[in-house]
Structures are given as structure tokens and as C-alpha cells.
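Since the structure comes first, as C-alpha cells, the remarks are kept for the end.
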Amino acid sequence: MRWLGFDWGTHHYFASDYFEQLYHYAEELIEKDKAYICTLSPEAFKEYRGVPTRSGKESPHRNRPTQESLDLFRRMRAGEFADGAYVLRAKIDMSSPNLHMRDPVLYRIKRAHHHRTGDAWCIYPTYDFAHGLSDAIEGITHSICTLEFEVHRPLYDWILDNVSAPCHPQQIEFARLNLTYTVMSKRRLLQLVRDKQVDGWDDPRMPTICGMRRRGYTPAAIRAFCETIGVTKYDSTTEVALLEHCVREDLNKRALRRMAVLDPLKVVITNFPDTSAVEVDAINNPEDPEAGTRKLAFTKEIYIERDDFAEEPPPKFFRLAPGKSVRLRYAGFITCERVEHDPDTGHVAALHCRWDPPDTKVKVKATIHWVSCAHAREVEVRRYDRLFTVPEPTEDKEADFTAHLNPESLTCLKGYAEPALLDAQPGEWFQFERTGYFCADSKDSRSGAPVFNQTVALKDVRAKKG
RNA sequence: UGCCGGAUGGUGUAACGGUAGCACAGCAGACUCUGAAUCUGUUUGUCUAGGUUCGAAUCCUAGUCCGGCAACCA
């Protein structure tokens, strides 16, 4: 939360800090004849509760004398009974159309070790009992929660109305955030983690804060996204495209530009001396003049992106092809004179190109990125695609959502990067020109050996139009 | 089929009862040493039927569709 940019000062609260107070509110309810101890078995309990269309019936223990309930409750706390043997229930209305008002459980015996209170308690309050009272103890005015708690609100209010709470906060429910091509429920995300479909909660493909952070999403981008989608009671599903837009928008302003070739194709420049390297100036960030420039070495042998060349270019292919020219970013032009094939596979092995300096009058429609072979550094690059292949993986309630997992959501590869990239600090953002935004992984990067996560790809009309 | 909630372009979100706007996505174009960014234009919408009103996304009535609720989970 702090990383996201929020500061809650000293207001860090735990319901467990109020266990003693909550216990006394429970005794107060018993003393007011508003709660009783019940020993119905879970099966009987369910039977007595009834169903939405049919009224429930009262527990035989409902009219247990106040003193007896009080005594039993104290003995529950003292640890005299086995787990689950007794529960404290509110005395409300077994015929209520709202199931949550049919004498809900307030306390149960559970010998569970608590991460803050240790073994001090063997009885614990239920969520419904602890929620409103904790809010009241903290003196908050509005308690924001998600839609599924709407039917709990009458109980929230009932509890606050029936004990001497310091104030009566208001619970207001809003829709949770849903995104296309992923799942957002903790239960489902946990399943992905447990089944090792992802590499932990902070896997960069996870829609968790730690996952998005590791992926390279910025706090400013996430905040901008949240402001754009707003807060309503409508159970909506936002397109990830909007999130990605917010991420690009922020990264475009702050990410330093670098060149890296992820799928290399060697180019030999025929009219270039064997030994010399020419230094060229490259702009670090055209959106931010303050970011300055850097020097890049240009040599006889370079790598370009394999898909920036087409032996048989389709219509509207603006890049390199036999006999055609392109501009090399910051380094003049090349014209493809010969294509060298691998004698075994027949695949393109290398290109032989003529070079013309930047001031040459050459009409080209494209500029491509490159890296000098002699200066290229190998780096690990992890590219991510959507975690699921369908917009709404849980749409079909019968089927298992994991059936829609995208087998190609992670692609690891070795790329050739310009030397400056070796100094990338974990968490530092870059734009690999013409490819996307990347972030040095905070877990797996080593000094001098960064691992890059693709945060989000650059928009690409080529991809859409083929 | 009981209770609670919701419905505005493809998506998300605005609009004291008074011109249905914004963003994303899409499409078309301009510009460009990133097919990025930027800029311009543009397609598409008030769930339905009645009613109140000079005027309804907004108020009323009825309906339709969608979501949630039957843990001693949160």
C-alpha cells in the first residue's frame, strides 16, 4: 500500500486488538437476552436455519436462561469444551427472509493459534460480529466493502443497535474490480499458486499488487487506472487494455529508451571497414530532454530484429527486404544486397547490406533498431502474454477456469542488448525501442546480469494489420 | 419461484428534470529517425412498455435481464 503511494500514518488496526472488548459486547448481548448459547450440531443447525423460500425454526436452546448462557459462555472462553461443541448465537428472527438474520453465530470455539494473540483465546468472534464493532471502536464513519456483503448490512446494523457501541458507522458496498483475461478472486489466485501454474503470488503475470509491481507497473499508472474506472455498485469487468494504456502513458514519460534485439538476425555491412567502430549519439528519452543522450557503437556487423526483414515482403511492409532500404535508428541507412541462407535449413542466416550515412537522401518509411555484434550483451528477457486465452475465464460456471490458461503466457529468451542495459537496477524502467516497456526483475537480476520483464508491449499497428 | 442489489456505445464512467459528455478500444487521416508518442476526424449508447411533465437517463407504475445471499469463511 505504501508503494502504491498511500500513507495511513499511525492508523494500522487489527480486530484482534479488540478481542477483549468484543468479548464484553458479547456478554452484554447475553445479559440483554439478545444472544444465547446453542449446542445444535452443524447438521441440525443447517436444518433449523431453513432455506430462502422457507422459514427456519427456533433452536431448542433459544430460551436458555440468561445466567446459564452467561455461565456457558465464560466456560467456553475458559477452554472447558471441545472445538465446535457450543456456539454463541444472536437472538434475532428465525423467520427473517434474510438468512443472515436467522440467529447468526457470533462466537465459536476454535483452538487456533492466532498470529497476533497466540494461544490467548480458544473462542473467536465471527466476521459479522467483529466487523461493525471494530469499526465502531475505531470511530470510523463509513465502512466500505464489496457487494457480496449487502445482505450482511442488516446484521451489521443490528449488532451496533443492540450493544452500547460508541458510535454507529455505516457500511456501504461497492463492486469489486474485475479485469478481462484474468481472475481476481483470492480463492482462484491461490489455486494458481498452489498448483504451480504461476511462480508465486508475485509472479509478474498475477493481477496482484506485488505481481504488477514486479512486472513493472508503476504506482502512478495503477492510481490513474483506478481513477479512470471509478467506483460504482455495478458489477463490471474492465478491459485490461485500459490498464495497459495507463501503464504505457506513465512509462512513456519516465522510461529511458534503449535498444535491444530479442530475435537476432545478423547483418554484415559490406562497405564498412572491418575494424573501426563509429560512435553515434542516441536520445535517452524524447519525452524528457533532461534525460540527455548516450553514445552507441556502430560496427560492420550488427543484429537486427528477425521480423524486421522479409524475404518476400507482403504489401505495406515498410522494413527491410531484398533490394530495399531502411533507416537504422541514429545510424544511417542500409540497403539489402544479398540474403545468406543456412545450407541445411534454408532459413535466412545473415544479410549483406550496403550502408549510407545519415545525411544521405534516402526515402524510407521505416526505422529499425539494432545492436552492434561486438558490443551486444546477452540478457535474459521474459515476455508476458495474457494469463488466460479468453476475456472471462470464469464465465462458464460449470467448467474449470484453469482450462483457459494461456500456455504461452510466459516466454523466456536471450536478447542482445546495448551495453548500458547491463547496469540496470532492479525495478528500473526502460523502453526497448519499438518493442515495449521492460523492467529489471527485482528477484532474479544479478549485478551485471539483469533479467528483464516485459511490462507491456508498445502499441503496434503492424500486429493488427498483419 | 424468498431477500438484497444492479442496468447509459464494444468496455468503463459522467450528466440540480433542460444540448447524452469523457476515457479506452475500433475505424480513417496527418505527422514522425520508435509502424511508438503526438494531432485531427469518426462509427456505436440511456433494458422494455406505459405514465407525470413544456421537457425524463433522471420522477412514478409494471415488466425484462444480470449479479449476490442458504460456512461455526472473510
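Labels for the C-alpha cells follow display order: chains A, B, ..., residues from 1 in each chain, ligands from 1.
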Would you give me, as a list of chain:residue names, the residues of chain B that come within 10 Å of chain A, using only C-alpha atoms (C1' of nucleotides)?
B:U1, B:G2, B:C3, B:C4, B:G5, B:G6, B:A7, B:U11, B:G12, B:U13, B:C22, B:A23, B:C24, B:A25, B:U32, B:C33, B:U34, B:G35, B:A36, B:A37, B:C66, B:G67, B:G68, B:C69, B:A70, B:A71, B:C72, B:C73, B:A74
DSSP-assigned helix (DSSP H, G or I) among stretch 67-159 of chain A, expressed as a ChimeraX atom specification:
/A:67-78,99-101,127-138,147-159
Run DSSP on the backbone and give me the residues of stretch 130-375 of chain A it puts in strand (DSSP E), as a ChimeraX atom specification.
/A:142-146,170-174,256-258,260-261,264-269,278-283,293-298,301-305,325-328,333-341,348-356,367-368,370-372
Within 9 Å of stretch 393-409 of chain A, counting only C-alpha atoms (C1' of nucleotides), which residues show up once you throw out same-chain ones fewer than 2 positions away? Write them as a short mmCIF file (atom, residue, chain, number, x, y, z; two decimals) with all heavy atoms, in the first residue's frame, please.
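Here's the written file result_33.cif:
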data_model
loop_
_atom_site.label_atom_id
_atom_site.label_comp_id
_atom_site.auth_asym_id
_atom_site.auth_seq_id
_atom_site.Cartn_x
_atom_site.Cartn_y
_atom_site.Cartn_z
N THR A 180 -10.54 -8.20 -17.59
CA THR A 180 -10.62 -9.25 -18.60
C THR A 180 -9.30 -10.02 -18.67
O THR A 180 -8.25 -9.51 -18.30
CB THR A 180 -10.92 -8.68 -19.99
OG1 THR A 180 -9.95 -7.67 -20.30
CG2 THR A 180 -12.31 -8.07 -20.05
N TYR A 181 -9.38 -11.24 -19.13
CA TYR A 181 -8.23 -12.12 -19.34
C TYR A 181 -7.48 -12.48 -18.06
O TYR A 181 -6.30 -12.85 -18.10
CB TYR A 181 -7.24 -11.53 -20.36
CG TYR A 181 -7.84 -11.43 -21.74
CD1 TYR A 181 -8.34 -10.22 -22.22
CD2 TYR A 181 -7.93 -12.55 -22.56
CE1 TYR A 181 -8.91 -10.13 -23.48
CE2 TYR A 181 -8.49 -12.47 -23.81
CZ TYR A 181 -8.98 -11.25 -24.27
OH TYR A 181 -9.54 -11.17 -25.53
N THR A 182 -8.17 -12.34 -16.92
CA THR A 182 -7.53 -12.79 -15.68
C THR A 182 -8.60 -13.15 -14.68
O THR A 182 -9.80 -13.05 -14.98
CB THR A 182 -6.58 -11.71 -15.13
OG1 THR A 182 -5.78 -12.27 -14.09
CG2 THR A 182 -7.35 -10.52 -14.58
N VAL A 183 -8.19 -13.62 -13.52
CA VAL A 183 -9.13 -13.85 -12.42
C VAL A 183 -8.69 -12.99 -11.26
O VAL A 183 -7.51 -12.68 -11.13
CB VAL A 183 -9.17 -15.35 -12.00
CG1 VAL A 183 -9.74 -16.20 -13.13
CG2 VAL A 183 -7.78 -15.85 -11.62
N ARG A 188 -9.26 -18.21 -6.34
CA ARG A 188 -8.74 -18.70 -7.62
C ARG A 188 -7.26 -18.41 -7.78
O ARG A 188 -6.51 -19.21 -8.33
CB ARG A 188 -9.54 -18.09 -8.78
CG ARG A 188 -10.99 -18.54 -8.77
CD ARG A 188 -11.65 -18.30 -10.11
NE ARG A 188 -13.02 -18.80 -10.12
CZ ARG A 188 -14.08 -18.03 -9.85
NH1 ARG A 188 -13.94 -16.75 -9.58
NH2 ARG A 188 -15.29 -18.55 -9.86
N LEU A 192 -4.02 -21.02 -8.39
CA LEU A 192 -2.95 -20.93 -9.39
C LEU A 192 -1.58 -21.06 -8.73
O LEU A 192 -0.67 -21.69 -9.27
CB LEU A 192 -3.03 -19.59 -10.13
CG LEU A 192 -4.28 -19.35 -10.98
CD1 LEU A 192 -4.21 -17.98 -11.64
CD2 LEU A 192 -4.42 -20.44 -12.04
N GLN A 197 0.78 -23.09 -11.30
CA GLN A 197 0.51 -22.59 -12.65
C GLN A 197 1.25 -21.28 -12.85
O GLN A 197 1.50 -20.85 -13.97
CB GLN A 197 -1.00 -22.34 -12.83
CG GLN A 197 -1.86 -23.56 -12.56
CD GLN A 197 -1.93 -24.50 -13.74
OE1 GLN A 197 -1.16 -24.38 -14.68
NE2 GLN A 197 -2.85 -25.43 -13.69
N ARG A 205 2.79 -12.28 -13.91
CA ARG A 205 1.53 -12.45 -14.64
C ARG A 205 0.32 -12.31 -13.72
O ARG A 205 -0.81 -12.28 -14.17
CB ARG A 205 1.50 -13.84 -15.29
CG ARG A 205 2.47 -13.99 -16.43
CD ARG A 205 2.62 -15.44 -16.83
NE ARG A 205 3.28 -16.23 -15.78
CZ ARG A 205 3.53 -17.51 -15.85
NH1 ARG A 205 3.17 -18.18 -16.93
NH2 ARG A 205 4.13 -18.15 -14.86
N ARG A 383 9.05 -12.38 -21.61
CA ARG A 383 7.90 -11.68 -22.21
C ARG A 383 6.63 -12.32 -21.71
O ARG A 383 6.54 -13.55 -21.61
CB ARG A 383 7.98 -11.76 -23.74
CG ARG A 383 9.31 -11.27 -24.27
CD ARG A 383 9.28 -11.14 -25.77
NE ARG A 383 8.66 -9.89 -26.17
CZ ARG A 383 8.67 -9.42 -27.42
NH1 ARG A 383 9.22 -10.13 -28.37
NH2 ARG A 383 8.10 -8.27 -27.70
N TYR A 384 5.66 -11.48 -21.42
CA TYR A 384 4.41 -11.98 -20.86
C TYR A 384 3.24 -11.70 -21.78
O TYR A 384 3.15 -10.64 -22.40
CB TYR A 384 4.14 -11.33 -19.50
CG TYR A 384 5.24 -11.60 -18.53
CD1 TYR A 384 6.22 -10.65 -18.28
CD2 TYR A 384 5.33 -12.83 -17.89
CE1 TYR A 384 7.26 -10.91 -17.40
CE2 TYR A 384 6.36 -13.10 -17.01
CZ TYR A 384 7.33 -12.14 -16.77
OH TYR A 384 8.35 -12.40 -15.91
N ASP A 385 2.37 -12.67 -21.83
CA ASP A 385 1.13 -12.50 -22.55
C ASP A 385 0.02 -12.69 -21.53
O ASP A 385 0.28 -13.02 -20.37
CB ASP A 385 1.04 -13.53 -23.69
CG ASP A 385 -0.04 -13.19 -24.71
OD1 ASP A 385 -0.70 -12.14 -24.54
OD2 ASP A 385 -0.23 -13.96 -25.66
N ARG A 386 -1.24 -12.53 -21.94
CA ARG A 386 -2.35 -12.69 -21.02
C ARG A 386 -2.31 -14.05 -20.36
O ARG A 386 -1.94 -15.03 -20.98
CB ARG A 386 -3.66 -12.54 -21.78
CG ARG A 386 -3.56 -11.44 -22.81
CD ARG A 386 -4.82 -10.67 -22.96
NE ARG A 386 -4.49 -9.27 -22.97
CZ ARG A 386 -4.97 -8.39 -23.85
NH1 ARG A 386 -5.83 -8.78 -24.76
NH2 ARG A 386 -4.61 -7.13 -23.78
N LEU A 387 -2.71 -14.07 -19.09
CA LEU A 387 -2.69 -15.32 -18.32
C LEU A 387 -3.73 -16.31 -18.86
O LEU A 387 -3.53 -17.52 -18.79
CB LEU A 387 -3.00 -15.01 -16.86
CG LEU A 387 -2.10 -15.58 -15.77
CD1 LEU A 387 -2.80 -15.54 -14.43
CD2 LEU A 387 -1.59 -16.97 -16.09
N PHE A 388 -4.84 -15.76 -19.39
CA PHE A 388 -5.89 -16.62 -19.93
C PHE A 388 -6.15 -16.26 -21.39
O PHE A 388 -5.90 -15.14 -21.82
CB PHE A 388 -7.18 -16.48 -19.12
CG PHE A 388 -7.05 -17.04 -17.73
CD1 PHE A 388 -6.57 -16.24 -16.70
CD2 PHE A 388 -7.37 -18.36 -17.46
CE1 PHE A 388 -6.43 -16.76 -15.41
CE2 PHE A 388 -7.22 -18.88 -16.18
CZ PHE A 388 -6.76 -18.07 -15.15
N THR A 389 -6.67 -17.22 -22.12
CA THR A 389 -6.90 -17.01 -23.55
C THR A 389 -8.26 -16.41 -23.84
O THR A 389 -8.53 -16.03 -24.97
CB THR A 389 -6.80 -18.35 -24.31
OG1 THR A 389 -7.71 -19.27 -23.71
CG2 THR A 389 -5.39 -18.92 -24.23
N VAL A 390 -9.12 -16.37 -22.84
CA VAL A 390 -10.47 -15.83 -23.05
C VAL A 390 -10.70 -14.64 -22.12
O VAL A 390 -10.12 -14.58 -21.04
CB VAL A 390 -11.56 -16.90 -22.80
CG1 VAL A 390 -11.44 -18.01 -23.82
CG2 VAL A 390 -11.45 -17.45 -21.39
N PRO A 391 -11.55 -13.68 -22.56
CA PRO A 391 -11.77 -12.47 -21.76
C PRO A 391 -12.32 -12.75 -20.36
O PRO A 391 -11.96 -12.08 -19.41
CB PRO A 391 -12.76 -11.66 -22.57
CG PRO A 391 -12.72 -12.22 -23.94
CD PRO A 391 -12.29 -13.64 -23.82
N THR A 411 7.24 -16.31 -22.00
CA THR A 411 8.26 -16.73 -22.95
C THR A 411 9.60 -16.19 -22.48
O THR A 411 9.77 -14.99 -22.33
CB THR A 411 7.97 -16.16 -24.36
OG1 THR A 411 6.61 -16.45 -24.71
CG2 THR A 411 8.90 -16.77 -25.39
#
